[in-house]
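So this block is run.txt, compact mmCIF, C-alpha atoms and all ligand atoms:
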# COMPACT_ATOMS: atom_id res chain seq x y z
CA MET R 235 -123.98 42.10 -110.59
CA LYS R 236 -123.97 42.94 -114.25
CA PHE R 237 -123.30 40.66 -117.22
CA THR R 238 -122.42 42.36 -120.49
CA PRO R 239 -122.33 40.27 -123.66
CA LEU R 240 -119.60 41.87 -125.84
CA ALA R 241 -119.58 39.68 -128.92
CA THR R 242 -120.95 36.45 -130.29
CA ASP R 243 -119.51 34.06 -132.83
CA GLY R 244 -122.19 31.57 -133.80
CA VAL R 245 -123.58 30.54 -130.42
CA ALA R 246 -120.29 31.20 -128.57
CA ARG R 247 -120.35 34.32 -126.40
CA LEU R 248 -117.73 36.78 -125.16
CA GLY R 249 -118.64 38.89 -122.15
CA THR R 250 -117.80 40.45 -118.83
CA LEU R 251 -119.35 39.81 -115.47
CA GLU R 252 -119.04 42.64 -112.95
CA THR R 253 -118.98 41.45 -109.34
CA PRO R 254 -118.35 43.32 -106.08
CA HIS R 255 -114.75 42.02 -106.17
CA GLY R 256 -113.95 42.72 -109.79
CA ILE R 257 -114.61 41.81 -113.36
CA VAL R 258 -114.72 38.27 -114.72
CA ARG R 259 -113.90 37.85 -118.40
CA THR R 260 -116.12 35.18 -119.97
CA PRO R 261 -115.92 32.42 -121.11
CA ALA R 262 -114.24 31.82 -117.75
CA PHE R 263 -112.71 28.82 -116.05
CA MET R 264 -112.84 28.86 -112.25
CA PRO R 265 -110.13 26.87 -110.47
CA VAL R 266 -111.45 25.09 -107.39
CA GLY R 267 -110.31 25.99 -103.87
CA THR R 268 -112.60 23.65 -102.01
CA GLN R 269 -111.66 24.37 -98.40
CA ALA R 270 -110.59 28.01 -98.79
CA ALA R 271 -107.33 26.84 -100.34
CA MET R 272 -106.18 26.10 -103.86
CA LYS R 273 -104.40 22.89 -102.91
CA GLY R 274 -100.66 23.55 -103.08
CA VAL R 275 -100.91 26.90 -104.89
CA HIS R 276 -100.46 30.43 -103.52
CA TRP R 277 -103.19 32.92 -104.36
CA HIS R 278 -100.73 35.21 -106.13
CA GLU R 279 -99.84 32.29 -108.39
CA VAL R 280 -103.52 31.66 -109.12
CA ARG R 281 -103.83 35.31 -110.07
CA GLU R 282 -100.70 35.15 -112.27
CA THR R 283 -102.20 32.29 -114.31
CA GLY R 284 -104.88 34.76 -115.41
CA ALA R 285 -107.76 33.39 -113.32
CA ASP R 286 -110.33 36.12 -112.56
CA ILE R 287 -112.55 34.09 -110.22
CA VAL R 288 -112.24 31.02 -108.02
CA LEU R 289 -114.76 28.54 -106.61
CA SER R 290 -115.09 27.43 -103.01
CA ASN R 291 -117.51 25.13 -101.21
CA THR R 292 -120.30 25.75 -98.71
CA TYR R 293 -120.26 22.11 -97.63
CA HIS R 294 -116.63 22.01 -96.52
CA LEU R 295 -116.52 25.48 -94.98
CA MET R 296 -119.77 25.08 -93.01
CA LEU R 297 -118.28 22.01 -91.33
CA ARG R 298 -114.80 23.45 -90.85
CA PRO R 299 -114.03 26.18 -89.79
CA GLY R 300 -117.74 27.15 -89.88
CA ALA R 301 -119.45 29.98 -91.74
CA GLU R 302 -120.04 32.10 -88.61
CA ARG R 303 -116.34 31.93 -87.73
CA ILE R 304 -115.33 33.01 -91.25
CA ALA R 305 -117.85 35.88 -91.00
CA ARG R 306 -116.32 37.00 -87.67
CA LEU R 307 -112.92 36.96 -89.38
CA GLY R 308 -114.15 39.32 -92.09
CA GLY R 309 -115.57 36.92 -94.67
CA LEU R 310 -113.99 34.44 -97.05
CA HIS R 311 -112.03 36.96 -99.14
CA ALA R 312 -110.21 38.35 -96.08
CA PHE R 313 -109.94 34.93 -94.42
CA MET R 314 -108.15 33.24 -97.30
CA GLY R 315 -106.45 36.26 -98.83
CA TRP R 316 -108.00 36.20 -102.29
CA SER R 317 -109.30 39.64 -103.20
CA GLY R 318 -110.96 38.69 -106.50
CA PRO R 319 -114.44 37.31 -107.15
CA ILE R 320 -115.51 34.06 -105.44
CA LEU R 321 -118.32 31.71 -106.45
CA THR R 322 -119.48 29.25 -103.82
CA ASP R 323 -121.30 26.03 -104.56
CA SER R 324 -124.32 25.47 -102.34
CA GLY R 325 -123.41 22.16 -100.75
CA GLY R 326 -126.08 19.78 -102.03
CA PHE R 327 -123.81 18.19 -104.59
CA GLN R 328 -120.94 17.75 -102.12
CA VAL R 329 -123.28 16.26 -99.49
CA MET R 330 -124.28 13.63 -102.03
CA SER R 331 -120.73 12.74 -103.00
CA LEU R 332 -118.92 13.07 -99.64
CA SER R 333 -121.13 12.50 -96.62
CA GLU R 334 -122.69 9.40 -95.14
CA LEU R 335 -126.24 8.74 -93.99
CA ARG R 336 -127.76 11.51 -96.01
CA LYS R 337 -131.47 12.08 -96.27
CA VAL R 338 -133.16 14.40 -98.73
CA ASP R 339 -136.64 15.70 -98.01
CA GLU R 340 -138.64 18.84 -98.64
CA SER R 341 -136.90 20.74 -95.84
CA GLY R 342 -133.40 20.15 -97.21
CA VAL R 343 -130.52 17.69 -96.83
CA THR R 344 -129.65 16.03 -93.53
CA PHE R 345 -126.30 14.31 -93.32
CA ARG R 346 -123.46 13.12 -91.14
CA SER R 347 -120.39 15.34 -91.24
CA HIS R 348 -117.45 13.53 -92.86
CA ILE R 349 -115.24 15.29 -90.29
CA ASP R 350 -116.74 14.50 -86.88
CA GLY R 351 -119.88 12.47 -87.61
CA ALA R 352 -122.22 15.21 -86.32
CA THR R 353 -125.71 15.39 -87.83
CA VAL R 354 -126.09 18.53 -89.91
CA VAL R 355 -129.12 19.97 -91.69
CA LEU R 356 -128.71 22.07 -94.82
CA SER R 357 -131.91 23.79 -95.89
CA PRO R 358 -132.22 26.12 -98.90
CA GLU R 359 -132.42 29.07 -96.48
CA ARG R 360 -129.34 27.94 -94.54
CA ALA R 361 -127.40 27.42 -97.80
CA VAL R 362 -128.13 31.05 -98.72
CA GLU R 363 -127.25 32.25 -95.21
CA ILE R 364 -123.92 30.41 -95.22
CA GLN R 365 -123.00 31.89 -98.58
CA ARG R 366 -123.97 35.35 -97.23
CA LEU R 367 -121.72 34.80 -94.18
CA LEU R 368 -118.89 33.74 -96.48
CA GLY R 369 -119.50 36.86 -98.58
CA SER R 370 -119.33 35.00 -101.88
CA ASP R 371 -119.83 37.16 -104.96
CA ILE R 372 -121.91 34.44 -106.61
CA ALA R 373 -124.01 32.10 -104.49
CA MET R 374 -125.68 28.97 -105.85
CA GLN R 375 -129.16 27.71 -105.01
CA LEU R 376 -129.43 24.44 -103.10
CA ASP R 377 -130.26 21.67 -105.58
CA GLU R 378 -130.31 17.91 -105.84
CA CYS R 379 -128.11 16.38 -108.52
CA VAL R 380 -128.89 12.81 -109.55
CA ALA R 381 -126.06 10.62 -110.84
CA LEU R 382 -126.69 9.06 -114.26
CA PRO R 383 -127.96 6.66 -115.39
CA ALA R 384 -131.14 7.05 -113.31
CA GLU R 385 -134.86 6.29 -113.55
CA ARG R 386 -136.91 9.05 -115.11
CA ALA R 387 -139.13 9.24 -112.03
CA GLU R 388 -136.09 9.88 -109.84
CA ILE R 389 -134.75 12.59 -112.17
CA ASP R 390 -138.22 14.14 -112.29
CA ARG R 391 -138.54 14.17 -108.49
CA ALA R 392 -135.11 15.74 -107.92
CA MET R 393 -135.69 18.34 -110.66
CA ARG R 394 -139.01 19.42 -109.10
CA LEU R 395 -137.55 19.51 -105.60
CA SER R 396 -134.70 21.66 -106.96
CA LEU R 397 -137.29 24.04 -108.47
CA ARG R 398 -139.02 24.44 -105.10
CA TRP R 399 -135.66 24.97 -103.40
CA ALA R 400 -134.84 27.58 -106.06
CA GLU R 401 -137.93 29.55 -105.01
CA ARG R 402 -136.96 29.36 -101.35
CA CYS R 403 -133.34 30.35 -102.07
CA LYS R 404 -134.50 33.28 -104.14
CA ARG R 405 -136.75 34.54 -101.35
CA ALA R 406 -134.00 34.08 -98.77
CA PHE R 407 -131.56 35.95 -101.02
CA GLU R 408 -133.78 39.01 -101.56
CA PRO R 409 -132.17 41.11 -98.79
CA ASP R 410 -128.78 40.53 -100.47
CA LEU R 411 -129.74 41.97 -103.85
CA PRO R 412 -128.61 45.56 -103.10
CA SER R 413 -125.13 44.22 -102.21
CA GLY R 414 -124.44 43.42 -105.86
CA ARG R 415 -123.81 39.80 -104.93
CA ALA R 416 -125.65 37.32 -107.14
CA LEU R 417 -127.66 34.11 -106.77
CA PHE R 418 -127.62 31.62 -109.62
CA ALA R 419 -130.28 28.99 -110.29
CA ILE R 420 -129.34 25.44 -111.34
CA VAL R 421 -131.11 23.64 -114.18
CA GLN R 422 -131.55 19.93 -113.46
CA GLY R 423 -133.39 17.20 -115.37
CA GLY R 424 -130.74 14.55 -116.00
CA ASP R 425 -130.58 13.23 -119.56
CA ASP R 426 -134.25 13.89 -120.24
CA VAL R 427 -134.88 16.66 -122.76
CA VAL R 428 -138.43 17.36 -121.61
CA LEU R 429 -137.44 17.63 -117.94
CA ARG R 430 -134.47 19.84 -118.82
CA GLN R 431 -136.73 22.20 -120.76
CA GLU R 432 -139.27 22.34 -117.97
CA SER R 433 -136.57 23.08 -115.40
CA ALA R 434 -135.01 25.83 -117.52
CA ARG R 435 -138.33 27.51 -118.30
CA ALA R 436 -139.48 27.49 -114.68
CA LEU R 437 -136.18 28.94 -113.41
CA VAL R 438 -136.10 31.63 -116.09
CA ALA R 439 -139.64 32.65 -115.05
CA MET R 440 -138.32 33.15 -111.48
CA ASP R 441 -135.65 35.55 -112.80
CA PHE R 442 -132.19 34.80 -111.41
CA GLN R 443 -128.96 36.76 -111.95
CA GLY R 444 -127.44 33.75 -113.70
CA TYR R 445 -128.21 30.17 -114.65
CA ALA R 446 -126.15 27.08 -114.07
CA ILE R 447 -126.59 23.78 -115.85
CA GLY R 448 -126.12 21.10 -113.21
CA GLY R 449 -126.56 17.36 -113.21
CA LEU R 450 -124.18 16.79 -116.13
CA ALA R 451 -120.77 15.11 -116.27
CA VAL R 452 -122.19 12.66 -113.73
CA GLY R 453 -121.74 9.41 -115.67
CA GLU R 454 -123.35 10.11 -119.05
CA PRO R 455 -121.46 10.13 -122.40
CA GLN R 456 -120.13 13.49 -123.62
CA ALA R 457 -122.62 13.43 -126.51
CA THR R 458 -125.51 13.32 -124.02
CA MET R 459 -124.05 16.22 -122.04
CA LEU R 460 -123.68 18.30 -125.20
CA ALA R 461 -127.20 17.42 -126.35
CA MET R 462 -128.59 18.64 -122.99
CA ILE R 463 -126.64 21.91 -123.25
CA GLU R 464 -128.04 22.38 -126.76
CA GLU R 465 -131.57 21.98 -125.41
CA VAL R 466 -131.14 24.25 -122.41
CA ALA R 467 -128.92 27.13 -123.58
CA PRO R 468 -131.42 28.56 -126.12
CA LEU R 469 -134.04 28.79 -123.35
CA LEU R 470 -131.82 30.93 -121.10
CA PRO R 471 -131.84 34.74 -121.33
CA THR R 472 -128.96 36.10 -123.41
CA ASP R 473 -128.24 38.85 -120.86
CA ARG R 474 -127.46 36.41 -118.02
CA PRO R 475 -124.36 34.25 -117.59
CA ARG R 476 -124.56 30.46 -118.08
CA TYR R 477 -122.43 28.20 -115.95
CA LEU R 478 -121.80 24.49 -116.63
CA MET R 479 -121.02 22.99 -113.22
CA GLY R 480 -118.08 20.66 -112.63
CA VAL R 481 -116.90 20.57 -116.26
CA GLY R 482 -114.46 19.62 -117.59
CA THR R 483 -111.74 18.52 -120.01
CA PRO R 484 -110.32 21.00 -122.53
CA ASP R 485 -112.43 19.27 -125.20
CA ASP R 486 -115.57 19.63 -123.03
CA LEU R 487 -114.84 23.35 -122.61
CA LEU R 488 -114.38 24.00 -126.34
CA LYS R 489 -117.55 22.10 -127.23
CA SER R 490 -119.60 23.73 -124.46
CA VAL R 491 -118.46 27.26 -125.34
CA ALA R 492 -119.55 26.45 -128.89
CA ARG R 493 -123.01 25.77 -127.42
CA GLY R 494 -123.24 29.02 -125.49
CA VAL R 495 -121.72 28.32 -122.05
CA ASP R 496 -119.90 31.20 -120.29
CA MET R 497 -118.49 29.72 -117.08
CA PHE R 498 -116.92 26.47 -115.90
CA ASP R 499 -115.28 24.98 -112.83
CA CYS R 500 -113.41 21.74 -112.41
CA VAL R 501 -110.88 20.09 -110.11
CA LEU R 502 -109.10 18.45 -113.08
CA PRO R 503 -106.12 20.84 -113.31
CA THR R 504 -105.26 20.69 -109.62
CA ARG R 505 -106.22 17.07 -108.93
CA ASN R 506 -104.43 15.72 -111.98
CA GLY R 507 -101.45 17.97 -111.27
CA ARG R 508 -101.09 16.43 -107.82
CA HIS R 509 -101.05 13.02 -109.48
CA GLY R 510 -98.28 13.87 -111.92
CA LEU R 511 -100.31 14.73 -115.01
CA ALA R 512 -99.49 17.96 -116.84
CA TYR R 513 -101.76 19.63 -119.41
CA THR R 514 -99.93 21.02 -122.43
CA ARG R 515 -100.98 22.33 -125.84
CA ARG R 516 -99.96 18.92 -127.18
CA GLY R 517 -102.14 16.98 -124.80
CA PRO R 518 -101.60 15.44 -121.38
CA VAL R 519 -98.10 14.48 -120.25
CA ASN R 520 -97.73 11.89 -117.48
CA LEU R 521 -94.57 12.90 -115.65
CA LYS R 522 -94.43 9.63 -113.74
CA ASN R 523 -93.49 7.98 -117.02
CA ALA R 524 -89.84 6.80 -117.17
CA ARG R 525 -89.39 8.44 -120.57
CA HIS R 526 -89.02 11.79 -118.77
CA ALA R 527 -86.29 10.61 -116.37
CA GLU R 528 -83.41 12.18 -118.30
CA ASP R 529 -85.30 14.66 -120.43
CA PRO R 530 -83.82 18.14 -119.92
CA ARG R 531 -86.54 19.88 -121.95
CA PRO R 532 -89.31 21.91 -120.32
CA LEU R 533 -92.97 20.95 -120.75
CA ASP R 534 -93.62 23.65 -123.34
CA PRO R 535 -91.07 26.33 -124.31
CA GLU R 536 -93.89 28.50 -125.67
CA SER R 537 -96.16 28.43 -122.62
CA PRO R 538 -96.89 31.73 -120.85
CA CYS R 539 -96.34 29.82 -117.59
CA ARG R 540 -92.76 30.15 -116.34
CA ILE R 541 -92.76 26.67 -114.79
CA ALA R 542 -93.92 25.03 -118.02
CA ARG R 543 -91.31 27.03 -119.95
CA GLU R 544 -88.33 26.55 -117.68
CA VAL R 545 -88.47 23.58 -115.32
CA PRO R 546 -86.87 20.45 -116.87
CA ARG R 547 -89.12 17.43 -117.31
CA ALA R 548 -86.46 15.29 -115.63
CA TYR R 549 -86.75 17.39 -112.48
CA LEU R 550 -90.57 17.30 -112.52
CA HIS R 551 -90.36 13.51 -113.02
CA HIS R 552 -88.05 13.22 -110.02
CA LEU R 553 -90.27 15.38 -107.78
CA ILE R 554 -93.39 13.39 -108.66
CA ARG R 555 -91.64 10.02 -108.27
CA ALA R 556 -90.17 11.12 -104.94
CA ASN R 557 -93.60 12.33 -103.85
CA GLU R 558 -92.22 15.80 -103.12
CA THR R 559 -94.84 18.47 -102.38
CA LEU R 560 -93.08 20.80 -104.83
CA GLY R 561 -93.93 18.47 -107.73
CA ALA R 562 -97.65 18.74 -106.98
CA MET R 563 -97.30 22.50 -106.53
CA TYR R 564 -95.48 22.98 -109.84
CA LEU R 565 -97.91 20.86 -111.86
CA SER R 566 -100.98 22.45 -110.26
CA VAL R 567 -99.76 25.87 -111.39
CA VAL R 568 -98.86 24.54 -114.86
CA ASN R 569 -102.35 23.07 -115.23
CA ILE R 570 -104.29 26.07 -113.93
CA ALA R 571 -102.21 28.19 -116.33
CA TYR R 572 -103.00 25.80 -119.19
CA PHE R 573 -106.75 26.14 -118.56
CA GLN R 574 -106.50 29.93 -118.29
CA THR R 575 -104.47 30.14 -121.51
CA LEU R 576 -107.09 27.95 -123.18
CA MET R 577 -109.84 30.35 -122.07
CA GLN R 578 -107.83 33.40 -123.11
CA GLY R 579 -107.42 31.87 -126.59
CA ILE R 580 -111.14 31.12 -126.72
CA ARG R 581 -112.03 34.70 -125.75
CA ALA R 582 -109.66 36.20 -128.33
CA ALA R 583 -111.06 33.92 -131.02
CA ILE R 584 -114.68 34.84 -130.25
CA ALA R 585 -113.77 38.54 -130.31
CA GLU R 586 -112.29 38.05 -133.77
CA ARG R 587 -115.08 35.73 -134.90
CA ARG R 588 -112.79 32.82 -135.66
CA PHE R 589 -113.88 30.55 -132.81
CA ALA R 590 -114.70 27.46 -134.91
CA ASP R 591 -111.30 27.57 -136.66
CA HIS R 592 -109.54 28.21 -133.38
CA ALA R 593 -111.29 25.27 -131.64
CA ALA R 594 -110.37 22.98 -134.56
CA GLN R 595 -106.75 24.11 -134.34
CA VAL R 596 -106.54 23.62 -130.55
CA THR R 597 -108.00 20.14 -130.99
CA ALA R 598 -105.60 19.26 -133.82
CA THR R 599 -102.54 20.43 -131.86
CA TRP R 600 -103.74 18.47 -128.81
CA ALA R 601 -104.20 15.35 -130.98
CA GLN R 602 -100.58 15.53 -132.24
CA GLY R 603 -99.59 14.43 -128.77
CA ASP R 604 -96.47 15.13 -126.76
CA VAL R 605 -93.39 14.51 -128.91
N1 LIG R 701 -125.12 20.88 -108.62
C1 LIG R 701 -124.31 21.59 -107.77
N2 LIG R 701 -122.98 21.54 -107.88
C2 LIG R 701 -122.44 20.76 -108.85
C3 LIG R 701 -123.22 20.02 -109.74
C4 LIG R 701 -124.65 20.07 -109.63
O1 LIG R 701 -125.42 19.45 -110.36
C5 LIG R 701 -122.33 19.35 -110.58
C6 LIG R 701 -122.66 18.40 -111.68
N3 LIG R 701 -121.65 18.28 -112.65
C7 LIG R 701 -121.05 19.71 -110.18
N4 LIG R 701 -121.13 20.56 -109.13
N5 LIG R 701 -124.85 22.34 -106.83
Would it be possible to restate this file's structure as structure tokens?
Ligand code: PRF
Amino acid sequence: MKFTPLATDGVARLGTLETPHGIVRTPAFMPVGTQAAMKGVHWHEVRETGADIVLSNTYHLMLRPGAERIARLGGLHAFMGWSGPILTDSGGFQVMSLSELRKVDESGVTFRSHIDGATVVLSPERAVEIQRLLGSDIAMQLDECVALPAERAEIDRAMRLSLRWAERCKRAFEPDLPSGRALFAIVQGGDDVVLRQESARALVAMDFQGYAIGGLAVGEPQATMLAMIEEVAPLLPTDRPRYLMGVGTPDDLLKSVARGVDMFDCVLPTRNGRHGLAYTRRGPVNLKNARHAEDPRPLDPESPCRIAREVPRAYLHHLIRANETLGAMYLSVVNIAYFQTLMQGIRAAIAERRFADHAAQVTATWAQGDV
């Protein structure tokens, strides 16, 4: 895997990431297809929104249908029918948020499957093996993410455990290096500047193909998240991509790009779309609201997304109120397209060195609200 920084504007970076399944233009937003599906959206539609890369999850796929089965069926790309790059999260984070009776120790995470109650062990080595079986272009190390607020001792313990797991994942991944697939490390350290710096320095010394910043957007204020990014980003090598995990809102993306982040993933566009919320240049629009009931206008006549440009708000309102699957499908596409258009605008602005002005303009248009 090769990351090529093409331009910088202040701390914001424009680049390309070459993976075995194609090129990712950065800054990039990865829509989330947790269980080998972008909920309610066809892969060709995901592609048409301009997404270069999608995220999927070790945790869900190891439990169902199983990594070995996906491998027998030709790997995740063939299995789900997405031919572009795939990043897979390692599972630790999802174990913590989804499973019961979990236990973390040196060996890894032991938990009860949320599907059939079976006891499952996820070690750093197994996390790497599963991601190899899936054939993900970018695999993530196993880590432990602590929800905030938390005691410093707890953040310290999880950060150090994540460092040791990083070592083990790196060793387990060594045979995969010639494949061009990549393994990213994950910086932890909660809201503690000193722990964040120690984590980043130790991981950089191990030399990974890319670096994620984890353990943020887990209950802390945005200002804290941005302060942590400001501490960590300058410690990371400029020739490796930086990925802020599980973030975020359009405002989070603008402010994080301004601090040197290259990659993001978040369920917001699809999850909110399923619940009737549309993202538009002029901010969020709640289509459940009665004010849309007889509104023949589309969401945004200037959107590059055909659905946003053409489908009447009154019809979207009806579909969402009637709980029709099509409503969720339409708004998921609208929202993924909004996020991709946002990233495209960000990339163009960095290339032309007008990122700060562009971000201010996007924010001002958003603040005008839907009229
Ligand atoms: N670690 C992993 N996945 C994640 C996170 C993390 O800290 C987060 C935190 N925002 C989201 N997804 N492995």
Legend entry - Surroundings of ligand LIG 701 (chain R) up to 9 Å, based on all atoms listed in the file, as a ChimeraX atom specification: /R:323-328,374-381,420-422,446-452,478-482,499-500
Inset, instruction - Mind checking which residues fall within 9 Å of R:Val596, counting only C-alpha atoms, ignoring those fewer than 6 positions away in the same chain, and posting them as an NGL selection string? - result: :R and (488 or 515-516 or 576)
Just the residues within 8 Å of R:Ser347, please, counting all atoms listed in the file, with nothing from its chain fewer than 4 positions along; format it as a PDB file with C-alpha atoms, keeping the file's coordinate frame.
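Output contents, as saved in result03.pdb:
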ATOM      1  CA  LEU R 297    -118.280  22.010 -91.330  1.00  0.00           C
ATOM      2  CA  SER R 333    -121.130  12.500 -96.620  1.00  0.00           C
ATOM      3  CA  GLU R 334    -122.690   9.400 -95.140  1.00  0.00           C
ATOM      4  CA  GLY R 351    -119.880  12.470 -87.610  1.00  0.00           C
ATOM      5  CA  ALA R 352    -122.220  15.210 -86.320  1.00  0.00           C
ATOM      6  CA  THR R 353    -125.710  15.390 -87.830  1.00  0.00           C
ATOM      7  CA  VAL R 354    -126.090  18.530 -89.910  1.00  0.00           C
TER       8      VAL R 354
END
Legend entry - Who sits within 9 Å of stretch 276-287 of chain R, all atoms listed in the file, same chain under 5 positions skipped, as a list in words: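 Once the nearby chain positions are removed, what remains is Gly256, Ile257, Val258, Arg259, Ala262, Phe263, Met264, Pro265, Ala271, Met314, Gly315, Trp316, Gly318, Pro319, Ile320, Leu321, Pro538, Cys539, Val567, Val568, Ile570, Ala571, Tyr572, Phe573, Gln574, Thr575 and Gln578 of chain R.
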Legend entry - Neighbour list for R:Glu388 as JSON, numbers by chain, cut-off 12 Å, only C-alpha atoms, skip fewer than 4 positions in-chain: {"R": [378, 379, 380, 381, 382, 383, 384, 392, 393, 394, 395, 422, 423, 424, 425, 426, 429]}
Legend entry - Shell around stretch 526-531 of chain R at 8 Å using only C-alpha atoms, local window under 5 positions removed, as a ChimeraX atom specification: /R:521,545-549,551-552
Legend entry - Gap from atom CA of R:Arg508 to atom CA of R:Pro484 - Å, one decimal: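 A separation of 18.0 Å between them.
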Legend entry - Point (-137.1, 20.8, -93.1), cut-off 12 Å, counting all atoms listed in the file, residues as a list in words: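 The requested residues, written out, are Lys337, Val338, Asp339, Glu340, Ser341, Gly342, Val343, Thr344, Val354, Val355, Leu356, Ser357, Pro358, Glu359, Arg360, Trp399 and Arg402 of chain R.
Nearest to R:Lys273 of all the residues R:Pro471, R:Gly579, R:Gly507, R:Gly244 is R:Gly507, based on only C-alpha atoms.
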Inset, instruction - Rank nothing, just name the residue among R:Asp604, R:Glu454, R:Glu586, R:Glu302 nearest to R:Asn520, using only C-alpha atoms. - result: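 The answer is R:Asp604, which sits nearest to R:Asn520.
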Using the incomplete input, complete stretch 385-391 of chain R to the level of all heavy atoms; output as a compact mmCIF listing (two decimals), in the frame of the given file.
# COMPACT_ATOMS: atom_id res chain seq x y z
N GLU R 385 -133.46 6.41 -113.11
CA GLU R 385 -134.86 6.29 -113.55
C GLU R 385 -135.43 7.68 -113.81
O GLU R 385 -135.14 8.62 -113.07
CB GLU R 385 -135.70 5.63 -112.44
CG GLU R 385 -135.31 4.20 -112.11
CD GLU R 385 -135.68 3.23 -113.21
OE1 GLU R 385 -136.63 3.53 -113.98
OE2 GLU R 385 -135.01 2.19 -113.32
N ARG R 386 -136.30 7.76 -114.80
CA ARG R 386 -136.91 9.05 -115.11
C ARG R 386 -137.66 9.63 -113.91
O ARG R 386 -137.59 10.84 -113.64
CB ARG R 386 -137.86 8.94 -116.30
CG ARG R 386 -138.36 10.31 -116.78
CD ARG R 386 -139.20 10.18 -118.04
NE ARG R 386 -139.37 11.48 -118.70
CZ ARG R 386 -140.34 12.34 -118.43
NH1 ARG R 386 -141.20 12.09 -117.47
NH2 ARG R 386 -140.42 13.47 -119.11
N ALA R 387 -138.34 8.76 -113.18
CA ALA R 387 -139.13 9.24 -112.03
C ALA R 387 -138.23 9.89 -110.98
O ALA R 387 -138.60 10.88 -110.35
CB ALA R 387 -139.91 8.08 -111.41
N GLU R 388 -137.05 9.35 -110.81
CA GLU R 388 -136.09 9.88 -109.84
C GLU R 388 -135.54 11.24 -110.31
O GLU R 388 -135.44 12.19 -109.53
CB GLU R 388 -134.96 8.85 -109.67
CG GLU R 388 -133.78 9.27 -108.84
CD GLU R 388 -134.10 9.43 -107.36
OE1 GLU R 388 -135.27 9.24 -106.96
OE2 GLU R 388 -133.17 9.80 -106.61
N ILE R 389 -135.23 11.32 -111.60
CA ILE R 389 -134.75 12.59 -112.17
C ILE R 389 -135.84 13.65 -112.06
O ILE R 389 -135.57 14.80 -111.69
CB ILE R 389 -134.33 12.38 -113.65
CG1 ILE R 389 -133.19 11.37 -113.76
CG2 ILE R 389 -133.92 13.72 -114.28
CD1 ILE R 389 -132.89 10.94 -115.19
N ASP R 390 -137.05 13.25 -112.34
CA ASP R 390 -138.22 14.14 -112.29
C ASP R 390 -138.40 14.68 -110.86
O ASP R 390 -138.55 15.89 -110.64
CB ASP R 390 -139.45 13.34 -112.75
CG ASP R 390 -140.71 14.18 -112.83
OD1 ASP R 390 -141.19 14.62 -111.76
OD2 ASP R 390 -141.21 14.40 -113.94
N ARG R 391 -138.34 13.78 -109.89
CA ARG R 391 -138.54 14.17 -108.49
C ARG R 391 -137.47 15.18 -108.04
O ARG R 391 -137.77 16.23 -107.46
CB ARG R 391 -138.50 12.92 -107.58
CG ARG R 391 -138.71 13.21 -106.11
CD ARG R 391 -138.20 12.09 -105.21
NE ARG R 391 -136.79 11.78 -105.41
CZ ARG R 391 -135.76 12.54 -105.02
NH1 ARG R 391 -135.99 13.68 -104.37
NH2 ARG R 391 -134.52 12.18 -105.27
